[in-house]
$ cat upload_36.txt   # compact mmCIF, C-alpha atoms and all ligand atoms
# COMPACT_ATOMS: atom_id res chain seq x y z
CA MET A 157 9.76 -20.34 -45.16
CA ARG A 158 12.56 -22.92 -44.87
CA ASN A 159 14.74 -20.22 -43.57
CA ARG A 160 12.31 -19.37 -40.83
CA ARG A 161 11.95 -22.97 -39.78
CA TRP A 162 15.69 -23.17 -39.49
CA VAL A 163 15.77 -20.10 -37.29
CA PHE A 164 13.14 -21.57 -35.05
CA ALA A 165 15.07 -24.84 -34.75
CA PHE A 166 18.10 -22.84 -33.79
CA LEU A 167 16.15 -20.97 -31.10
CA LEU A 168 14.93 -24.25 -29.65
CA TRP A 169 18.45 -25.57 -29.59
CA PHE A 170 19.61 -22.36 -28.03
CA VAL A 171 17.08 -22.46 -25.21
CA ALA A 172 17.84 -26.14 -24.57
CA PHE A 173 21.53 -25.37 -24.46
CA TRP A 174 20.96 -22.62 -21.92
CA ARG A 175 18.94 -24.93 -19.82
CA ILE A 176 21.79 -27.41 -19.65
CA GLU A 177 24.41 -24.78 -18.95
CA ALA A 178 22.30 -23.07 -16.34
CA PHE A 179 21.53 -26.44 -14.80
CA LYS A 180 25.19 -27.42 -14.64
CA PHE A 181 25.99 -24.18 -12.96
CA HIS A 182 23.27 -24.41 -10.38
CA ARG A 183 24.31 -27.84 -9.38
CA ALA A 184 27.73 -26.49 -8.59
CA GLN A 185 26.36 -23.52 -6.57
CA LYS A 186 29.59 -21.65 -6.67
CA THR A 187 29.79 -18.01 -5.79
CA GLU A 188 32.47 -15.61 -6.81
CA ARG A 189 33.84 -12.78 -4.79
CA ILE A 190 35.10 -9.71 -6.49
CA SER A 191 38.49 -8.93 -5.16
CA GLY A 192 39.69 -5.36 -5.05
CA SER A 193 37.54 -2.39 -4.26
CA ALA A 194 33.97 -3.29 -5.12
CA GLY A 195 33.11 -6.56 -3.38
CA ASP A 196 35.18 -5.72 -0.33
CA VAL A 197 33.46 -2.40 0.25
CA LEU A 198 30.16 -4.25 0.55
CA GLU A 199 31.57 -6.12 3.53
CA ASP A 200 32.49 -2.96 5.44
CA ASP A 201 31.08 -2.47 8.92
CA PRO A 202 30.15 1.15 9.56
CA VAL A 203 30.09 0.79 13.33
CA GLY A 204 32.86 2.86 14.87
CA ARG A 205 33.36 4.91 11.70
CA LEU A 206 30.63 7.52 12.20
CA LYS A 207 28.24 8.88 14.82
CA VAL A 208 24.74 10.00 13.92
CA PHE A 209 22.53 12.29 15.98
CA VAL A 210 18.80 11.74 15.44
CA TYR A 211 16.72 14.87 16.01
CA GLU A 212 13.68 14.29 18.12
CA LEU A 213 10.75 15.80 16.26
CA PRO A 214 7.06 16.01 17.20
CA SER A 215 5.25 12.92 15.90
CA LYS A 216 3.33 14.98 13.33
CA TYR A 217 6.49 14.84 11.18
CA ASN A 218 6.68 11.06 11.18
CA LYS A 219 4.59 8.67 13.29
CA LYS A 220 1.30 10.54 12.85
CA ILE A 221 1.80 10.71 9.09
CA LEU A 222 2.35 6.95 9.01
CA GLN A 223 -0.70 6.29 11.20
CA LYS A 224 -2.87 7.96 8.58
CA ASP A 225 -1.74 5.48 5.94
CA PRO A 226 0.00 2.25 7.01
CA ARG A 227 0.48 1.36 3.32
CA CYS A 228 3.56 3.57 3.53
CA LEU A 229 5.27 0.63 5.28
CA THR A 230 5.12 -1.60 2.23
CA HIS A 231 5.45 1.04 -0.44
CA MET A 232 8.57 1.19 -2.59
CA PHE A 233 9.52 4.40 -0.78
CA ALA A 234 9.31 2.84 2.70
CA ALA A 235 13.05 3.32 3.24
CA GLU A 236 12.35 6.73 4.77
CA ILE A 237 10.44 5.02 7.59
CA PHE A 238 12.66 2.00 8.08
CA MET A 239 15.83 4.09 8.10
CA HIS A 240 14.38 6.10 10.99
CA ARG A 241 13.57 2.95 12.97
CA PHE A 242 16.96 1.49 12.17
CA LEU A 243 18.88 4.55 13.33
CA LEU A 244 17.00 4.79 16.62
CA SER A 245 18.51 1.51 17.78
CA SER A 246 21.71 1.53 15.73
CA PRO A 247 25.09 1.47 17.50
CA VAL A 248 26.15 4.44 15.34
CA ARG A 249 23.54 6.62 17.03
CA THR A 250 24.84 9.13 19.55
CA LEU A 251 22.69 11.00 22.04
CA ASN A 252 25.35 13.69 22.29
CA PRO A 253 25.00 16.01 19.30
CA ASP A 254 28.36 17.64 20.06
CA GLU A 255 30.16 14.46 19.03
CA ALA A 256 28.00 13.72 15.97
CA ASP A 257 29.46 13.49 12.47
CA TRP A 258 26.03 13.51 10.87
CA PHE A 259 22.59 14.82 11.81
CA TYR A 260 19.44 13.06 10.73
CA THR A 261 15.95 14.61 10.62
CA PRO A 262 13.21 11.94 10.67
CA VAL A 263 10.55 13.42 8.43
CA TYR A 264 8.29 11.22 6.25
CA THR A 265 7.79 13.49 3.25
CA THR A 266 6.80 10.67 0.86
CA CYS A 267 4.05 9.09 2.95
CA ASP A 268 1.06 10.74 1.25
CA LEU A 269 -0.62 8.22 -1.02
CA THR A 270 -3.64 8.43 -3.30
CA PRO A 271 -6.36 5.75 -2.93
CA ASN A 272 -4.46 3.86 -5.66
CA GLY A 273 -1.24 4.01 -3.67
CA LEU A 274 0.55 6.60 -5.79
CA PRO A 275 2.60 9.06 -3.77
CA LEU A 276 1.73 12.71 -4.33
CA PRO A 277 4.49 14.86 -2.88
CA PHE A 278 2.54 18.12 -2.96
CA LYS A 279 2.89 18.79 0.75
CA SER A 280 6.45 17.49 0.96
CA PRO A 281 8.22 20.85 0.46
CA ARG A 282 6.22 22.45 3.25
CA ILE A 283 6.70 19.53 5.64
CA MET A 284 10.43 19.52 4.93
CA ARG A 285 10.71 23.26 5.31
CA SER A 286 8.80 23.17 8.56
CA ALA A 287 11.07 20.44 9.94
CA ILE A 288 14.20 22.38 8.98
CA GLN A 289 12.81 25.53 10.56
CA LEU A 290 12.21 23.57 13.74
CA ILE A 291 15.68 22.01 13.99
CA SER A 292 17.39 25.27 13.08
CA SER A 293 15.62 27.20 15.81
CA ASN A 294 15.84 24.56 18.56
CA TRP A 295 19.42 23.35 18.06
CA PRO A 296 22.56 25.24 16.96
CA TYR A 297 23.82 22.55 14.55
CA TRP A 298 21.89 23.44 11.42
CA ASN A 299 22.97 27.07 11.46
CA ALA A 300 26.60 26.08 12.12
CA THR A 301 26.86 24.47 8.65
CA GLU A 302 23.52 25.41 7.07
CA GLY A 303 22.88 21.73 6.70
CA ALA A 304 26.18 20.53 5.27
CA ASN A 305 26.55 17.79 7.94
CA HIS A 306 22.88 16.82 7.78
CA PHE A 307 21.42 14.04 5.66
CA PHE A 308 17.84 13.47 4.55
CA ILE A 309 16.09 10.41 3.14
CA VAL A 310 14.13 11.53 0.06
CA PRO A 311 13.13 8.35 -1.75
CA HIS A 312 10.54 9.82 -4.08
CA ASP A 313 10.79 9.35 -7.90
CA PHE A 314 12.62 12.64 -8.34
CA GLY A 315 14.06 12.90 -4.86
CA ALA A 316 13.94 16.35 -3.30
CA CYS A 317 12.51 17.95 -6.44
CA PHE A 318 9.19 16.80 -4.97
CA HIS A 319 7.05 16.35 -8.04
CA TYR A 320 5.93 13.13 -9.72
CA LEU A 321 6.13 14.52 -13.25
CA GLU A 322 9.66 14.89 -14.50
CA GLU A 323 9.10 18.22 -16.31
CA LYS A 324 7.62 19.76 -13.18
CA ALA A 325 10.29 18.21 -10.99
CA ILE A 326 12.98 19.78 -13.18
CA GLU A 327 11.18 23.12 -13.11
CA ARG A 328 11.04 22.99 -9.29
CA GLY A 329 14.58 21.78 -8.77
CA ILE A 330 15.86 20.54 -5.42
CA LEU A 331 14.27 22.32 -2.46
CA PRO A 332 16.55 25.34 -1.92
CA LEU A 333 16.94 24.70 1.82
CA LEU A 334 18.52 21.31 1.04
CA GLN A 335 21.19 22.83 -1.15
CA ARG A 336 24.01 21.97 1.28
CA ALA A 337 22.64 18.77 2.80
CA THR A 338 23.45 15.22 1.71
CA LEU A 339 20.49 13.55 0.05
CA VAL A 340 19.85 9.83 0.28
CA GLN A 341 17.56 9.01 -2.63
CA THR A 342 16.44 6.37 -5.10
CA PHE A 343 16.55 8.77 -8.02
CA GLY A 344 19.80 8.53 -9.94
CA GLN A 345 20.41 10.02 -13.35
CA ARG A 346 23.57 11.74 -14.46
CA ASN A 347 23.44 15.47 -15.23
CA HIS A 348 19.92 15.87 -13.89
CA VAL A 349 18.86 18.82 -11.74
CA CYS A 350 17.28 16.42 -9.24
CA LEU A 351 20.56 14.63 -8.57
CA LYS A 352 22.95 16.72 -6.55
CA HIS A 353 26.65 15.93 -6.47
CA GLY A 354 27.47 13.83 -3.40
CA SER A 355 24.02 12.25 -3.02
CA ILE A 356 23.79 8.63 -1.92
CA ILE A 357 21.71 6.50 -4.29
CA ILE A 358 19.78 3.69 -2.64
CA PRO A 359 17.60 0.86 -3.90
CA PRO A 360 13.82 1.18 -3.66
CA TYR A 361 12.17 -0.80 -0.90
CA ALA A 362 11.11 -4.33 -1.85
CA PRO A 363 9.58 -6.53 0.87
CA PRO A 364 12.30 -8.98 2.02
CA GLN A 365 10.03 -11.48 3.79
CA LYS A 366 7.71 -11.73 0.83
CA MET A 367 10.62 -12.35 -1.53
CA GLN A 368 12.08 -14.90 0.84
CA ALA A 369 8.77 -16.77 0.90
CA HIS A 370 8.91 -17.25 -2.88
CA LEU A 371 12.41 -18.68 -3.14
CA ILE A 372 12.51 -21.87 -5.19
CA SER A 373 15.09 -24.63 -5.16
CA PRO A 374 18.41 -23.18 -6.29
CA GLY A 375 18.82 -26.20 -8.56
CA THR A 376 15.89 -25.14 -10.75
CA PRO A 377 17.10 -24.60 -14.31
CA ARG A 378 16.75 -21.16 -15.85
CA SER A 379 14.65 -22.05 -18.86
CA ILE A 380 13.35 -18.54 -19.66
CA PHE A 381 15.77 -16.52 -21.76
CA VAL A 382 14.35 -12.99 -21.24
CA TYR A 383 11.66 -12.13 -18.70
CA PHE A 384 9.61 -8.99 -18.13
CA ARG A 385 6.27 -8.22 -16.57
CA GLY A 386 4.95 -4.68 -16.45
CA LEU A 387 3.65 -1.78 -18.49
CA PHE A 388 4.82 -1.07 -22.01
CA TYR A 389 2.61 1.98 -22.40
CA ASP A 390 1.03 4.26 -19.81
CA VAL A 391 -1.99 5.39 -21.78
CA GLY A 392 -3.57 7.15 -18.81
CA ASN A 393 -0.64 9.50 -18.20
CA ASP A 394 0.94 9.46 -21.64
CA PRO A 395 -1.88 9.10 -24.18
CA GLU A 396 0.26 10.08 -27.20
CA GLY A 397 3.06 7.70 -26.24
CA GLY A 398 6.81 8.27 -26.41
CA TYR A 399 7.07 10.13 -23.11
CA TYR A 400 6.60 7.16 -20.79
CA ALA A 401 9.90 5.29 -20.49
CA ARG A 402 11.09 7.59 -23.32
CA GLY A 403 9.53 5.00 -25.63
CA ALA A 404 11.94 2.22 -24.58
CA ARG A 405 9.27 -0.08 -23.15
CA ALA A 406 7.03 0.43 -26.17
CA SER A 407 9.98 -0.52 -28.35
CA VAL A 408 10.58 -3.73 -26.34
CA TRP A 409 6.97 -4.74 -26.93
CA GLU A 410 6.79 -3.77 -30.59
CA ASN A 411 10.03 -5.53 -31.49
CA PHE A 412 9.85 -8.68 -29.38
CA LYS A 413 6.26 -9.53 -28.53
CA ASP A 414 6.35 -12.49 -30.93
CA ASN A 415 9.95 -13.52 -30.27
CA PRO A 416 10.04 -16.95 -28.57
CA LEU A 417 13.10 -15.98 -26.55
CA PHE A 418 11.17 -13.16 -24.91
CA ASP A 419 8.70 -13.97 -22.15
CA ILE A 420 7.16 -10.51 -21.83
CA SER A 421 3.66 -9.36 -20.94
CA THR A 422 1.67 -6.83 -18.98
CA GLU A 423 0.05 -9.57 -16.92
CA HIS A 424 1.43 -9.91 -13.45
CA PRO A 425 1.28 -13.62 -12.57
CA THR A 426 1.25 -14.99 -9.00
CA THR A 427 4.45 -16.82 -9.97
CA TYR A 428 6.24 -13.56 -10.79
CA TYR A 429 9.02 -14.04 -8.23
CA GLU A 430 9.41 -17.72 -9.14
CA ASP A 431 9.57 -16.86 -12.84
CA MET A 432 12.43 -14.45 -12.24
CA GLN A 433 14.33 -17.33 -10.63
CA ARG A 434 13.73 -19.35 -13.80
CA ALA A 435 15.02 -16.62 -16.09
CA ILE A 436 18.50 -15.82 -17.34
CA PHE A 437 17.89 -12.15 -18.17
CA CYS A 438 15.38 -9.82 -16.49
CA LEU A 439 14.63 -6.58 -18.27
CA CYS A 440 14.93 -3.49 -16.08
CA PRO A 441 13.86 -0.67 -18.39
CA LEU A 442 13.17 2.81 -17.13
CA GLY A 443 9.55 3.74 -16.46
CA TRP A 444 8.71 7.22 -15.24
CA ALA A 445 11.91 7.05 -13.17
CA PRO A 446 15.14 5.41 -14.40
CA TRP A 447 14.78 2.52 -11.94
CA SER A 448 12.02 0.22 -10.73
CA PRO A 449 11.85 -2.41 -7.99
CA ARG A 450 12.70 -4.97 -10.72
CA LEU A 451 16.32 -4.03 -10.23
CA VAL A 452 16.21 -5.27 -6.62
CA GLU A 453 14.15 -8.31 -7.56
CA ALA A 454 16.55 -9.29 -10.34
CA VAL A 455 19.57 -9.16 -8.05
CA VAL A 456 17.83 -11.00 -5.22
CA PHE A 457 16.61 -13.72 -7.61
CA GLY A 458 19.91 -14.06 -9.44
CA CYS A 459 18.46 -13.00 -12.79
CA ILE A 460 20.92 -10.88 -14.76
CA PRO A 461 19.47 -7.36 -14.84
CA VAL A 462 19.33 -5.88 -18.32
CA ILE A 463 19.44 -2.19 -17.56
CA ILE A 464 17.83 0.01 -20.19
CA ALA A 465 17.98 3.57 -18.84
CA ASP A 466 20.55 5.93 -20.35
CA ASP A 467 22.64 7.80 -17.77
CA ILE A 468 21.19 5.92 -14.82
CA VAL A 469 23.15 6.13 -11.58
CA LEU A 470 22.63 2.83 -9.81
CA PRO A 471 22.26 2.21 -6.07
CA PHE A 472 25.52 2.05 -4.11
CA ALA A 473 27.44 2.20 -7.38
CA ASP A 474 30.68 2.73 -5.49
CA ALA A 475 30.22 -0.67 -3.83
CA ILE A 476 28.21 -2.84 -6.21
CA PRO A 477 29.97 -3.79 -9.48
CA TRP A 478 26.94 -3.20 -11.69
CA GLU A 479 28.98 -3.46 -14.88
CA ASP A 480 30.00 -6.99 -13.87
CA ILE A 481 26.64 -8.31 -12.73
CA GLY A 482 24.34 -6.58 -15.21
CA VAL A 483 24.03 -5.87 -18.91
CA PHE A 484 23.61 -2.26 -20.06
CA VAL A 485 21.69 -1.58 -23.24
CA ALA A 486 21.32 1.94 -24.61
CA GLU A 487 17.71 3.04 -25.11
CA LYS A 488 18.31 3.51 -28.85
CA ASP A 489 19.58 -0.09 -29.11
CA VAL A 490 16.40 -1.72 -27.82
CA PRO A 491 15.45 -2.93 -31.33
CA ARG A 492 18.70 -4.99 -31.30
CA LEU A 493 18.09 -6.40 -27.81
CA ASP A 494 17.81 -9.99 -29.09
CA THR A 495 21.13 -9.84 -30.94
CA ILE A 496 22.83 -8.10 -28.03
CA LEU A 497 21.74 -10.69 -25.49
CA THR A 498 22.27 -13.77 -27.66
CA SER A 499 25.81 -12.67 -28.50
CA ILE A 500 26.98 -12.51 -24.89
CA PRO A 501 29.39 -15.43 -24.49
CA ILE A 502 28.23 -18.19 -22.15
CA LYS A 503 31.34 -17.77 -20.03
CA GLU A 504 30.34 -14.17 -19.41
CA ILE A 505 26.79 -15.13 -18.45
CA LEU A 506 28.02 -17.75 -16.02
CA ARG A 507 30.38 -15.28 -14.44
CA LYS A 508 27.60 -12.74 -13.95
CA GLN A 509 25.42 -15.43 -12.42
CA ARG A 510 28.20 -16.46 -10.04
CA LEU A 511 28.67 -12.85 -8.95
CA LEU A 512 24.94 -12.41 -8.47
CA ALA A 513 24.92 -15.50 -6.26
CA ASN A 514 27.15 -13.64 -3.81
CA PRO A 515 24.94 -13.06 -0.75
CA SER A 516 26.53 -9.62 -0.15
CA MET A 517 25.13 -8.40 -3.44
CA LYS A 518 21.55 -9.36 -2.46
CA GLN A 519 21.88 -8.19 1.12
CA ALA A 520 22.91 -4.69 0.00
CA MET A 521 19.62 -4.35 -1.93
CA LEU A 522 17.36 -5.09 1.05
CA PHE A 523 16.02 -3.29 4.10
CA PRO A 524 15.24 -6.25 6.41
CA GLN A 525 13.46 -5.97 9.78
CA PRO A 526 15.39 -6.26 11.97
CA ALA A 527 18.45 -5.01 10.14
CA GLN A 528 21.24 -7.42 9.26
CA ALA A 529 24.94 -6.93 8.64
CA ARG A 530 25.78 -5.63 5.15
CA ASP A 531 22.16 -4.74 4.30
CA ALA A 532 21.06 -1.50 2.62
CA PHE A 533 20.93 0.37 5.96
CA HIS A 534 24.59 -0.48 6.52
CA GLN A 535 25.50 0.51 2.97
CA ILE A 536 23.91 3.93 3.54
CA LEU A 537 26.01 4.35 6.68
CA ASN A 538 29.10 3.20 4.79
CA GLY A 539 28.34 5.84 2.17
CA LEU A 540 28.10 8.51 4.87
CA ALA A 541 31.26 7.26 6.59
CA ARG A 542 33.21 7.48 3.34
CA LYS A 543 32.41 11.22 3.22
CA LEU A 544 34.19 11.80 6.52
CA PRO A 545 35.97 13.73 7.83
CA HIS A 546 34.01 16.80 6.78
CA ASP A 547 36.02 19.57 5.25
CA ARG A 548 36.54 22.46 7.68
CA SER A 549 35.05 24.76 5.06
CA ILE A 550 31.52 23.46 5.72
CA TYR A 551 31.35 25.51 8.92
CA MET A 552 29.89 28.97 8.48
CA ARG A 553 31.92 31.95 9.60
CA SER A 554 30.12 34.22 12.02
CA GLY A 555 27.60 36.38 10.18
CA GLU A 556 27.97 34.31 7.01
CA SER A 557 24.89 32.81 5.41
CA ILE A 558 24.35 31.04 2.12
CA LEU A 559 20.82 29.64 2.24
CA ASN A 560 17.94 31.79 1.06
CA TRP A 561 14.91 30.99 3.19
CA THR A 562 12.49 32.69 0.81
CA ALA A 563 13.71 31.11 -2.44
CA GLY A 564 11.50 28.69 -4.37
CA PRO A 565 7.81 28.65 -5.33
CA VAL A 566 5.68 30.94 -3.15
CA ALA A 567 3.25 28.09 -2.35
CA ASP A 568 6.11 26.24 -0.63
CA LEU A 569 6.51 29.08 1.86
CA LYS A 570 3.07 28.62 3.41
CA PRO A 571 3.35 27.17 6.89
CA TRP A 572 2.58 23.46 7.23
C1 LIG B 1 19.44 30.03 13.18
O1 LIG B 1 19.26 31.01 12.18
C2 LIG B 1 17.93 31.43 12.05
C3 LIG B 1 17.85 32.35 10.82
O2 LIG B 1 18.92 33.23 10.79
C4 LIG B 1 17.47 32.09 13.33
O3 LIG B 1 16.13 32.52 13.20
C5 LIG B 1 17.59 31.06 14.46
O4 LIG B 1 17.25 31.64 15.69
C6 LIG B 1 18.99 30.51 14.53
N1 LIG B 1 19.01 29.40 15.45
C7 LIG B 1 19.66 29.41 16.60
C8 LIG B 1 19.56 28.18 17.44
O5 LIG B 1 20.31 30.35 16.97
C1 LIG B 2 15.97 35.02 -1.98
O1 LIG B 2 15.02 34.49 -2.91
C2 LIG B 2 13.98 35.44 -3.21
C3 LIG B 2 12.95 34.70 -4.04
O2 LIG B 2 13.54 34.10 -5.17
C4 LIG B 2 14.59 36.63 -3.91
O3 LIG B 2 13.59 37.57 -4.22
C5 LIG B 2 15.64 37.26 -3.01
O4 LIG B 2 16.30 38.30 -3.67
C6 LIG B 2 16.67 36.22 -2.56
N1 LIG B 2 17.55 36.80 -1.57
C7 LIG B 2 18.86 36.81 -1.68
C8 LIG B 2 19.62 37.42 -0.56
O5 LIG B 2 19.43 36.34 -2.65
$ encode --input "upload_36.txt" --output "C-alpha cells"
Amino acid sequence: MRNRRWVFAFLLWFVAFWRIEAFKFHRAQKTERISGSAGDVLEDDPVGRLKVFVYELPSKYNKKILQKDPRCLTHMFAAEIFMHRFLLSSPVRTLNPDEADWFYTPVYTTCDLTPNGLPLPFKSPRIMRSAIQLISSNWPYWNATEGANHFFIVPHDFGACFHYLEEKAIERGILPLLQRATLVQTFGQRNHVCLKHGSIIIPPYAPPQKMQAHLISPGTPRSIFVYFRGLFYDVGNDPEGGYYARGARASVWENFKDNPLFDISTEHPTTYYEDMQRAIFCLCPLGWAPWSPRLVEAVVFGCIPVIIADDIVLPFADAIPWEDIGVFVAEKDVPRLDTILTSIPIKEILRKQRLLANPSMKQAMLFPQPAQARDAFHQILNGLARKLPHDRSIYMRSGESILNWTAGPVADLKPW
C-alpha cells in the first residue's frame, strides 16, 4: 500500500515537472530546422522541375460522382478530389502532352460512401478500368509506356487493391492495369501486396480550416502526458477481437485504462483538437489501416506522435524525419508503453517538440484550399519530380506489350 502511494506521488511529481518543462519551452517558442537532406527537401519548390498533363475526362468520372455525395469533400480520402482541382490551376500543368513528364487521370474511385460515410470501393476497379480504356484509346501516351509515366491518386485504405477488408484486398492485389503506373496513396506498409515499389505515400485528408479554428495559445502548457481518443475494439466488424488493430488498441486499453498518465477513452470530446495541443504524446496506433488522421492531427498540433504500427511506411518519408519527430513502439511492446515513454530523456522530448514546431512539417501534412507553398500537394509533386528523368526503358518497343487487359477478377471486367 505504502509502495503504491509512493508511486502515485512520483507520478504527480512527474506530471508537474512536465508541465514546467513544457511551459518553459513554449514560452521560448523556438523552432529547429533539420539541416541536411530531410528538412531541406520539404522546402523544395516543384515548379520548373516537372510538367504534368491532365487528361480531360467526361464528368461521369469525377464531377458527377462528387455531385452525388458532397461528403467526399470532407472525407479523409478527399485528396483525390483536391489534387485534381490543384493540378488544373497549377503552374506545373502543361496543355501540351508531348512535353509532359507525367500524365494524370482525374478519376474519383473512392467517392462512394455508405450512409454512415464509409467508403465502399466495389465499383472502383471498373471505374478505373473504364478510365484507362478511355485514355488509351483517345491518346497515344498510355500505350507508349503502358502507364509507366502516369500517376493515379488512390487514397483508399488499401490503395489500388480496392477492398476495405485487408484479407480481401490482399487476395485482389493491385489492379493489374496499374502495374506500371505510379500510385499516390495513403496506404503504406512494408512488404505488402498493396504497396508497390515506387509509390508515393501521402497523408490522409484532415480539414485545415477546422483545425486552424481550434488552435489555442501556443503558451498553453502540455499537462496531459499521453492522449488518445478512438476505438479500442471494433465489435461490429471484429466480434472475436484480435483482428482489429492486430490487438494493439485493445492492449493499450487493457494495460493503461487506469494509469493516471494515460488520458485515453472512446469518447470524442468537442475539445479533441484543443486536448491534443495540451498533450505531450499522442498515440497513433494502427486501426484497420496502419495510419489514421491522428497522425496529421498530432503533427499539426505539435503533439509527439507515438506510432504503433509495425512496418508502417509514413507519408513523405523521404522528406519528413519521422524518426526525429515521433516515437516508434513495436506492437508487441504496447504493454510496456508507460515505461518506454517515461524513460525518454527530457532533452529528447524537447527536441522533438522543437522539430514539430517547424511550420514546414505541418504544412506538408495539409491539403489547404487554395494550395500554399510546401503543402502536401507540393510534396506530391516533389515526389514525382524526384523520379525524373524517366528511364528510357519505360517506352514500349513496337509490338511489345506487358499489360494483360483480361487479368483479375471477372467481375472487374464488366463495363462501367
Ligand atoms: C492502344 O492499345 C489498345 C490495345 O492494344 C488499342 O485498342 C488502342 O487502339 C491503342 N490506342 C491507340 C491510341 O492507338
Ligand atoms: C491474361 O489473364 C487471363 C486471366 O487471368 C489469362 O487467362 C490469360 O492467359 C492472360 N494472358 C496472357 C497473355 O498472359
$ residues_around --input "upload_36.txt" --residues "A:Pro363" --least-positions-apart "6" --cutoff "8 Å" --atoms "only C-alpha atoms" --output "list in words"
Thr230, Leu522, Phe523 and Pro524 of chain A
$ residues_around --input "upload_36.txt" --residues "A:Phe343" --least-positions-apart "5" --cutoff "7 Å" --atoms "only C-alpha atoms" --output "list in words"
Asp313, Phe314, Gly315 and Ile357 of chain A
$ atom_distance --input "upload_36.txt" --atom1 "atom CA of A:Glu556" --atom2 "atom CA of A:Trp298"
13.2 Å
$ residues_near_ligand --input "upload_36.txt" --ligand "ligand LIG 1 (chain B)" --cutoff "6 Å" --atoms "all atoms listed in the file" --output "count of residues only"
6
$ closest_residue --input "upload_36.txt" --among "A:Phe388, A:Phe457, A:Phe308, A:Tyr264" --to "A:Tyr217" --atoms "all atoms listed in the file"
A:Tyr264
$ axis_aligned_box --input "upload_36.txt" --around "stretch 195-200 of chain A" --padding-each-side "3 Å" --output "JSON"
{"center_x": 32.7, "center_y": -4.5, "center_z": 1.0, "size_x": 11.0, "size_y": 10.2, "size_z": 14.8}
$ closest_atom_pairs --input "upload_36.txt" --of "chain A" --to "ligand LIG 2 (chain B)" --cutoff "6 Å" --atoms "all atoms listed in the file" --output "JSON lines"
{"residue": "A:Asn560", "atom": "CA", "partner": "B:LIG2", "partner_atom": "C1", "distance": 4.9}
{"residue": "A:Thr562", "atom": "CA", "partner": "B:LIG2", "partner_atom": "O1", "distance": 4.8}
{"residue": "A:Ala563", "atom": "CA", "partner": "B:LIG2", "partner_atom": "O1", "distance": 3.7}
{"residue": "A:Gly564", "atom": "CA", "partner": "B:LIG2", "partner_atom": "O2", "distance": 5.8}
$ closest_residue --input "upload_36.txt" --among "A:Val263, A:Ile420, A:Val310, A:Met284" --to "A:Lys220" --atoms "all atoms listed in the file"
A:Val263
$ residues_around --input "upload_36.txt" --residues "stretch 541-555 of chain A" --least-positions-apart "4" --cutoff "9 Å" --atoms "only C-alpha atoms" --output "PyMOL selection string"
chain A and resi 202+205-207+257+299-305+336+354+536-537
$ residues_near_point --input "upload_36.txt" --point "(24.2, -4.9, 12.2)" --cutoff "10 Å" --atoms "all atoms listed in the file" --output "short mmCIF file (atom, residue, chain, number, x, y, z; two decimals) with C-alpha atoms, in the frame of the given file"
data_model
loop_
_atom_site.label_atom_id
_atom_site.label_comp_id
_atom_site.auth_asym_id
_atom_site.auth_seq_id
_atom_site.Cartn_x
_atom_site.Cartn_y
_atom_site.Cartn_z
CA ASP A 201 31.08 -2.47 8.92
CA PRO A 202 30.15 1.15 9.56
CA VAL A 203 30.09 0.79 13.33
CA PHE A 242 16.96 1.49 12.17
CA SER A 246 21.71 1.53 15.73
CA PRO A 247 25.09 1.47 17.50
CA PRO A 526 15.39 -6.26 11.97
CA ALA A 527 18.45 -5.01 10.14
CA GLN A 528 21.24 -7.42 9.26
CA ALA A 529 24.94 -6.93 8.64
CA ARG A 530 25.78 -5.63 5.15
CA ASP A 531 22.16 -4.74 4.30
CA PHE A 533 20.93 0.37 5.96
CA HIS A 534 24.59 -0.48 6.52
#
$ residues_near_point --input "upload_36.txt" --point "(31.1, -8.3, -13.7)" --cutoff "10 Å" --atoms "only C-alpha atoms" --output "short mmCIF file (atom, residue, chain, number, x, y, z; two decimals) with C-alpha atoms, keeping the file's coordinate frame"
data_model
loop_
_atom_site.label_atom_id
_atom_site.label_comp_id
_atom_site.auth_asym_id
_atom_site.auth_seq_id
_atom_site.Cartn_x
_atom_site.Cartn_y
_atom_site.Cartn_z
CA ILE A 190 35.10 -9.71 -6.49
CA ILE A 476 28.21 -2.84 -6.21
CA PRO A 477 29.97 -3.79 -9.48
CA TRP A 478 26.94 -3.20 -11.69
CA GLU A 479 28.98 -3.46 -14.88
CA ASP A 480 30.00 -6.99 -13.87
CA ILE A 481 26.64 -8.31 -12.73
CA GLY A 482 24.34 -6.58 -15.21
CA VAL A 483 24.03 -5.87 -18.91
CA GLU A 504 30.34 -14.17 -19.41
CA ILE A 505 26.79 -15.13 -18.45
CA ARG A 507 30.38 -15.28 -14.44
CA LYS A 508 27.60 -12.74 -13.95
CA GLN A 509 25.42 -15.43 -12.42
CA ARG A 510 28.20 -16.46 -10.04
CA LEU A 511 28.67 -12.85 -8.95
CA LEU A 512 24.94 -12.41 -8.47
#
$ closest_residue --input "upload_36.txt" --among "A:Met232, A:Val469, A:Leu243, A:Val566" --to "A:Tyr260" --atoms "all atoms listed in the file"
A:Leu243
$ atom_distance --input "upload_36.txt" --atom1 "atom CA of A:Gln341" --atom2 "atom CA of A:Arg282"
18.5 Å
$ closest_residue --input "upload_36.txt" --among "A:Asn272, A:Leu559, A:Thr265, A:Ile356" --to "A:Leu540" --atoms "all atoms listed in the file"
A:Ile356
$ atom_distance --input "upload_36.txt" --atom1 "atom CA of A:Trp572" --atom2 "atom CA of A:Pro271"
22.3 Å
$ closest_residue --input "upload_36.txt" --among "A:Ala404, A:Val462, A:Leu493, A:Val340" --to "A:Pro311" --atoms "all atoms listed in the file"
A:Val340
$ closest_residue --input "upload_36.txt" --among "A:Val485, A:Gly443, A:Phe209, A:Glu327" --to "A:Gly398" --atoms "only C-alpha atoms"
A:Gly443
$ residues_around --input "upload_36.txt" --residues "A:Ala435" --least-positions-apart "6" --cutoff "7 Å" --atoms "all atoms listed in the file" --output "PyMOL selection string"
chain A and resi 378-383+459
$ residues_around --input "upload_36.txt" --residues "A:Asp268" --least-positions-apart "3" --cutoff "10 Å" --atoms "only C-alpha atoms" --output "list of chain:residue names"
A:Ile221, A:Leu222, A:Lys224, A:Asp225, A:Arg227, A:Cys228, A:Tyr264, A:Thr265, A:Pro271, A:Gly273, A:Leu274, A:Pro275, A:Leu276, A:Pro277, A:Phe278, A:Lys279, A:Ser280
